[in-house]
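Presented below is the structure to which this report refers.
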Amino acid sequence: MTTLTEKTPDTRAPLESERILVFDFGSQYAQLIARRVREQGVYCEIVRHDLPVDRVREINPTGIILSGGPSSVYASKAPQIDEAIFEIQIPILGICYGMQLACKAFGGEVGGAVAREYGRAACRIDSRIDIFDGFPEETEVWMSHGDQVQSISDQFVALAQTDTCPVAAVKHHQLPIYGLQFHPEVTHTPLGDQVLKNFLRGVCKTRSLWNMGDFADDAIRQIRQTVGSRRVICGLSGGVDSAVVAALLTRAIGDQLSCILVDNGLLREGEVEAVQQEFTGHFKTDLHVVSAKDQFLAVLAGVDDPQEKRRRIGHQFINCFKSEAEKIDDVHFLAQGTLYPDVIESGAAPDGPAATIKLHHNVGGLPEELGFELIEPLRDLFKDEVRRLGENLGLAEDMVWRHPFPGPGLAVRCLGEVTDEKLVTLRQADAIVVSEIRAAGLYRDTAQAFAVLLPVQSVGVMGDDRTYDNAIGVRCVDSEDFMTADWTHLPYDLLARISNRVINEVKGVNRVVYDISSKPPATIEWE
């Protein structure tokens, strides 16, 4: 298969002439570290923790960050690093586990802390130079560790401390190696971005060359070079990722692109019309809309198991997409909206983490028997970068900032069996939830908001009549990476308006509840 990510020294210069590698030791924050680096305008990749030193020399990164991790560095099966990397004069920043690993490699001692630190801590800066340049004498940081560096060798000097952690940051005397026991990548460390900036600009001497305008120009050049005069098809869903891929391809190859939107009857209110307006009215794309609601409802009839719903929807989607694709002449390429987290979590990155966490639906994609070569122009990007790229390409704001939507659509928000009647109820309720959150000016401040049709009925009184009708759950969460999420503390008056409108305007609903579960232990979606 062909992708747009096979890099040679000349293909992505100067965007990737500055490159930071994040060595992943199993941290839940590894992707967040990479995003924070990219927010500083520096290209960053996540690689496996045991990447050999010879491979590091080939990549020739501008700097290296060693992530945190759940293990103890002294445990028998703890993930280790090729210690020769410490000797190659590339700037290194160790975070939590990464700091402990570096200190241990140079003769320091690491052990269980007398008092474990989880949460906010006051950190006193003893040496306000290099990574702490411009810092106050004391700053708040976020700790998450049971082990800590108990002593350092004479090759290191301590830079900071807390009441229970005497070595909260270190610097090597001769080599450009630094360590932090706290996590600068999380928002709970208010000056964390400044630490990373000082490391990137002051130590690594980066110039912030990574930006979406140049990325778009680069990607367009690569697409044209790869595609030539051949035709590409792209599946549109109404979501951000596929919309940005389609916009990018339209800019690159114009009428050589055909898009297919399968209207499975499981989309949000107005979704099909919005896609048609954007990609036939604005971008003038060859858009094929497949009306397939009846087929999808038929295969879902009588099914209430969430996984079986997903399986049947996926299978039916492939059938519909394949049937429509066969009507388009001379198709050679299939474009997909695979993102960098998809690649990392599937284990598909060449130097990425070795263990496959999951096979993502985008990485797996449509079956190979379709016979198309694959184009994935977004597979180097995080979601926030995709949104910025969409803005750069001129996509409508409502489409760029649309909340994520599950692949199986409303079928996994309609708990139990899916019927047309239930979908009408859910779609109307969902539209009210979203419209009220938009009207309150909170849509961009929340990560995801939607309605769920619960498989229960409850007693109510409407007018002088007793009712026994449906309940709607409202879900709204805050999240940066969707791996963790907290329920959004929406204002009570907003919740009251949502409840009042749903009960009064949506037939068959007499109760609205608000989901105040965080992820974990709950998931964002209900199925």
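Order determines the names: the first chain of the structure tokens is A, the second B, and so forth; residues in each chain are numbered 1 upward, and ligands are numbered 1 upward as they are shown.
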- Item | Shell around Gln148 in chain A at 6 Å using only C-alpha atoms, local window under 4 positions removed, as a list in words |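 In the requested form, the answer reads Val110, Gly111 and Ala113 of chain A.
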Keeping only N, CA, C and O atoms, take the residues you just selected and write them out as a CSV table (one decimal), in the first residue's frame.
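Everything below was put into out.csv:
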```
chain,number,residue,atom,x,y,z
A,110,VAL,N,17.5,4.9,43.1
A,110,VAL,CA,16.1,5.1,43.0
A,110,VAL,C,15.4,4.1,43.9
A,110,VAL,O,15.7,2.9,43.9
A,111,GLY,N,14.4,4.5,44.6
A,111,GLY,CA,13.7,3.6,45.5
A,111,GLY,C,12.3,4.1,45.8
A,111,GLY,O,11.9,5.2,45.4
A,113,ALA,N,9.4,6.0,47.6
A,113,ALA,CA,9.4,7.3,48.4
A,113,ALA,C,8.8,7.0,49.8
A,113,ALA,O,7.9,6.2,49.9
```
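From CA of Cys476 in chain A back to CA of Leu490 in chain A, the distance works out to 8.2 Å.
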Would you list the contacts of Arg310 in chain A as an mmCIF file with all heavy atoms, in the first residue's frame, taking every protein, DNA or RNA residue within 9 Å and counting only C-alpha atoms, but skipping same-chain residues closer than 2 positions in sequence?
```cif
data_model
loop_
_atom_site.group_PDB
_atom_site.id
_atom_site.type_symbol
_atom_site.label_atom_id
_atom_site.label_comp_id
_atom_site.auth_asym_id
_atom_site.auth_seq_id
_atom_site.Cartn_x
_atom_site.Cartn_y
_atom_site.Cartn_z
ATOM 1 N N ASP A 305 -27.406 -6.113 21.217
ATOM 2 C CA ASP A 305 -26.028 -6.212 21.702
ATOM 3 C C ASP A 305 -25.153 -5.157 21.020
ATOM 4 O O ASP A 305 -25.114 -5.083 19.785
ATOM 5 C CB ASP A 305 -25.462 -7.599 21.403
ATOM 6 C CG ASP A 305 -24.025 -7.729 21.883
ATOM 7 O OD1 ASP A 305 -23.802 -7.807 23.092
ATOM 8 O OD2 ASP A 305 -23.119 -7.711 21.021
ATOM 9 N N PRO A 306 -24.449 -4.324 21.801
ATOM 10 C CA PRO A 306 -23.670 -3.225 21.214
ATOM 11 C C PRO A 306 -22.619 -3.686 20.205
ATOM 12 O O PRO A 306 -22.471 -3.080 19.136
ATOM 13 C CB PRO A 306 -23.007 -2.567 22.430
ATOM 14 C CG PRO A 306 -23.873 -2.916 23.579
ATOM 15 C CD PRO A 306 -24.404 -4.274 23.274
ATOM 16 N N GLN A 307 -21.886 -4.751 20.529
ATOM 17 C CA GLN A 307 -20.846 -5.220 19.621
ATOM 18 C C GLN A 307 -21.439 -5.774 18.328
ATOM 19 O O GLN A 307 -20.872 -5.606 17.242
ATOM 20 C CB GLN A 307 -19.972 -6.271 20.306
ATOM 21 C CG GLN A 307 -19.058 -5.707 21.380
ATOM 22 C CD GLN A 307 -18.124 -4.636 20.822
ATOM 23 O OE1 GLN A 307 -18.403 -3.439 20.940
ATOM 24 N NE2 GLN A 307 -17.039 -5.054 20.201
ATOM 25 N N GLU A 308 -22.573 -6.447 18.449
ATOM 26 C CA GLU A 308 -23.220 -6.977 17.247
ATOM 27 C C GLU A 308 -23.748 -5.837 16.377
ATOM 28 O O GLU A 308 -23.699 -5.907 15.144
ATOM 29 C CB GLU A 308 -24.352 -7.931 17.620
ATOM 30 C CG GLU A 308 -25.054 -8.591 16.444
ATOM 31 C CD GLU A 308 -24.142 -9.476 15.602
ATOM 32 O OE1 GLU A 308 -23.049 -9.857 16.069
ATOM 33 O OE2 GLU A 308 -24.533 -9.806 14.460
ATOM 34 N N ARG A 312 -22.500 -5.383 12.469
ATOM 35 C CA ARG A 312 -23.442 -5.345 11.342
ATOM 36 C C ARG A 312 -23.380 -4.014 10.595
ATOM 37 O O ARG A 312 -23.477 -3.975 9.370
ATOM 38 C CB ARG A 312 -24.865 -5.614 11.839
ATOM 39 C CG ARG A 312 -25.057 -7.019 12.384
ATOM 40 C CD ARG A 312 -26.519 -7.345 12.599
ATOM 41 N NE ARG A 312 -26.689 -8.687 13.143
ATOM 42 C CZ ARG A 312 -27.815 -9.380 13.059
ATOM 43 N NH1 ARG A 312 -28.888 -8.848 12.464
ATOM 44 N NH2 ARG A 312 -27.896 -10.590 13.576
ATOM 45 N N ILE A 313 -23.234 -2.933 11.355
ATOM 46 C CA ILE A 313 -23.144 -1.613 10.718
ATOM 47 C C ILE A 313 -21.882 -1.530 9.871
ATOM 48 O O ILE A 313 -21.908 -1.041 8.729
ATOM 49 C CB ILE A 313 -23.164 -0.500 11.787
ATOM 50 C CG1 ILE A 313 -24.550 -0.406 12.426
ATOM 51 C CG2 ILE A 313 -22.774 0.856 11.180
ATOM 52 C CD1 ILE A 313 -24.592 0.452 13.671
ATOM 53 N N GLY A 314 -20.746 -2.008 10.425
ATOM 54 C CA GLY A 314 -19.501 -1.993 9.668
ATOM 55 C C GLY A 314 -19.581 -2.818 8.399
ATOM 56 O O GLY A 314 -19.114 -2.396 7.331
ATOM 57 N N HIS A 315 -20.164 -3.994 8.508
ATOM 58 C CA HIS A 315 -20.291 -4.867 7.336
ATOM 59 C C HIS A 315 -21.189 -4.242 6.281
ATOM 60 O O HIS A 315 -20.858 -4.237 5.082
ATOM 61 C CB HIS A 315 -20.862 -6.218 7.784
ATOM 62 C CG HIS A 315 -20.988 -7.218 6.678
ATOM 63 N ND1 HIS A 315 -19.896 -7.875 6.127
ATOM 64 C CD2 HIS A 315 -22.085 -7.675 6.001
ATOM 65 C CE1 HIS A 315 -20.309 -8.687 5.169
ATOM 66 N NE2 HIS A 315 -21.638 -8.588 5.075
ATOM 67 N N GLY A 407 -18.349 5.939 14.917
ATOM 68 C CA GLY A 407 -18.530 5.334 13.601
ATOM 69 C C GLY A 407 -19.900 4.723 13.399
ATOM 70 O O GLY A 407 -20.528 4.923 12.346
ATOM 71 N N PRO A 408 -20.442 3.987 14.385
ATOM 72 C CA PRO A 408 -21.777 3.407 14.216
ATOM 73 C C PRO A 408 -22.899 4.425 14.383
ATOM 74 O O PRO A 408 -24.084 4.060 14.334
ATOM 75 C CB PRO A 408 -21.847 2.350 15.339
ATOM 76 C CG PRO A 408 -20.449 2.144 15.775
ATOM 77 C CD PRO A 408 -19.764 3.447 15.566
ATOM 78 N N ALA A 411 -26.691 4.629 16.486
ATOM 79 C CA ALA A 411 -27.043 3.268 16.901
ATOM 80 C C ALA A 411 -26.489 2.939 18.278
ATOM 81 O O ALA A 411 -27.093 2.156 19.020
ATOM 82 C CB ALA A 411 -26.527 2.257 15.878
ATOM 83 N N VAL A 412 -25.322 3.525 18.633
ATOM 84 C CA VAL A 412 -24.742 3.233 19.952
ATOM 85 C C VAL A 412 -25.135 4.279 20.981
ATOM 86 O O VAL A 412 -24.658 4.253 22.114
ATOM 87 C CB VAL A 412 -23.201 3.118 19.864
ATOM 88 C CG1 VAL A 412 -22.823 1.898 19.055
ATOM 89 C CG2 VAL A 412 -22.572 4.371 19.291
#
```
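Note that CA of Asp481 in chain A and CA of Trp210 in chain A are 20.3 Å apart.
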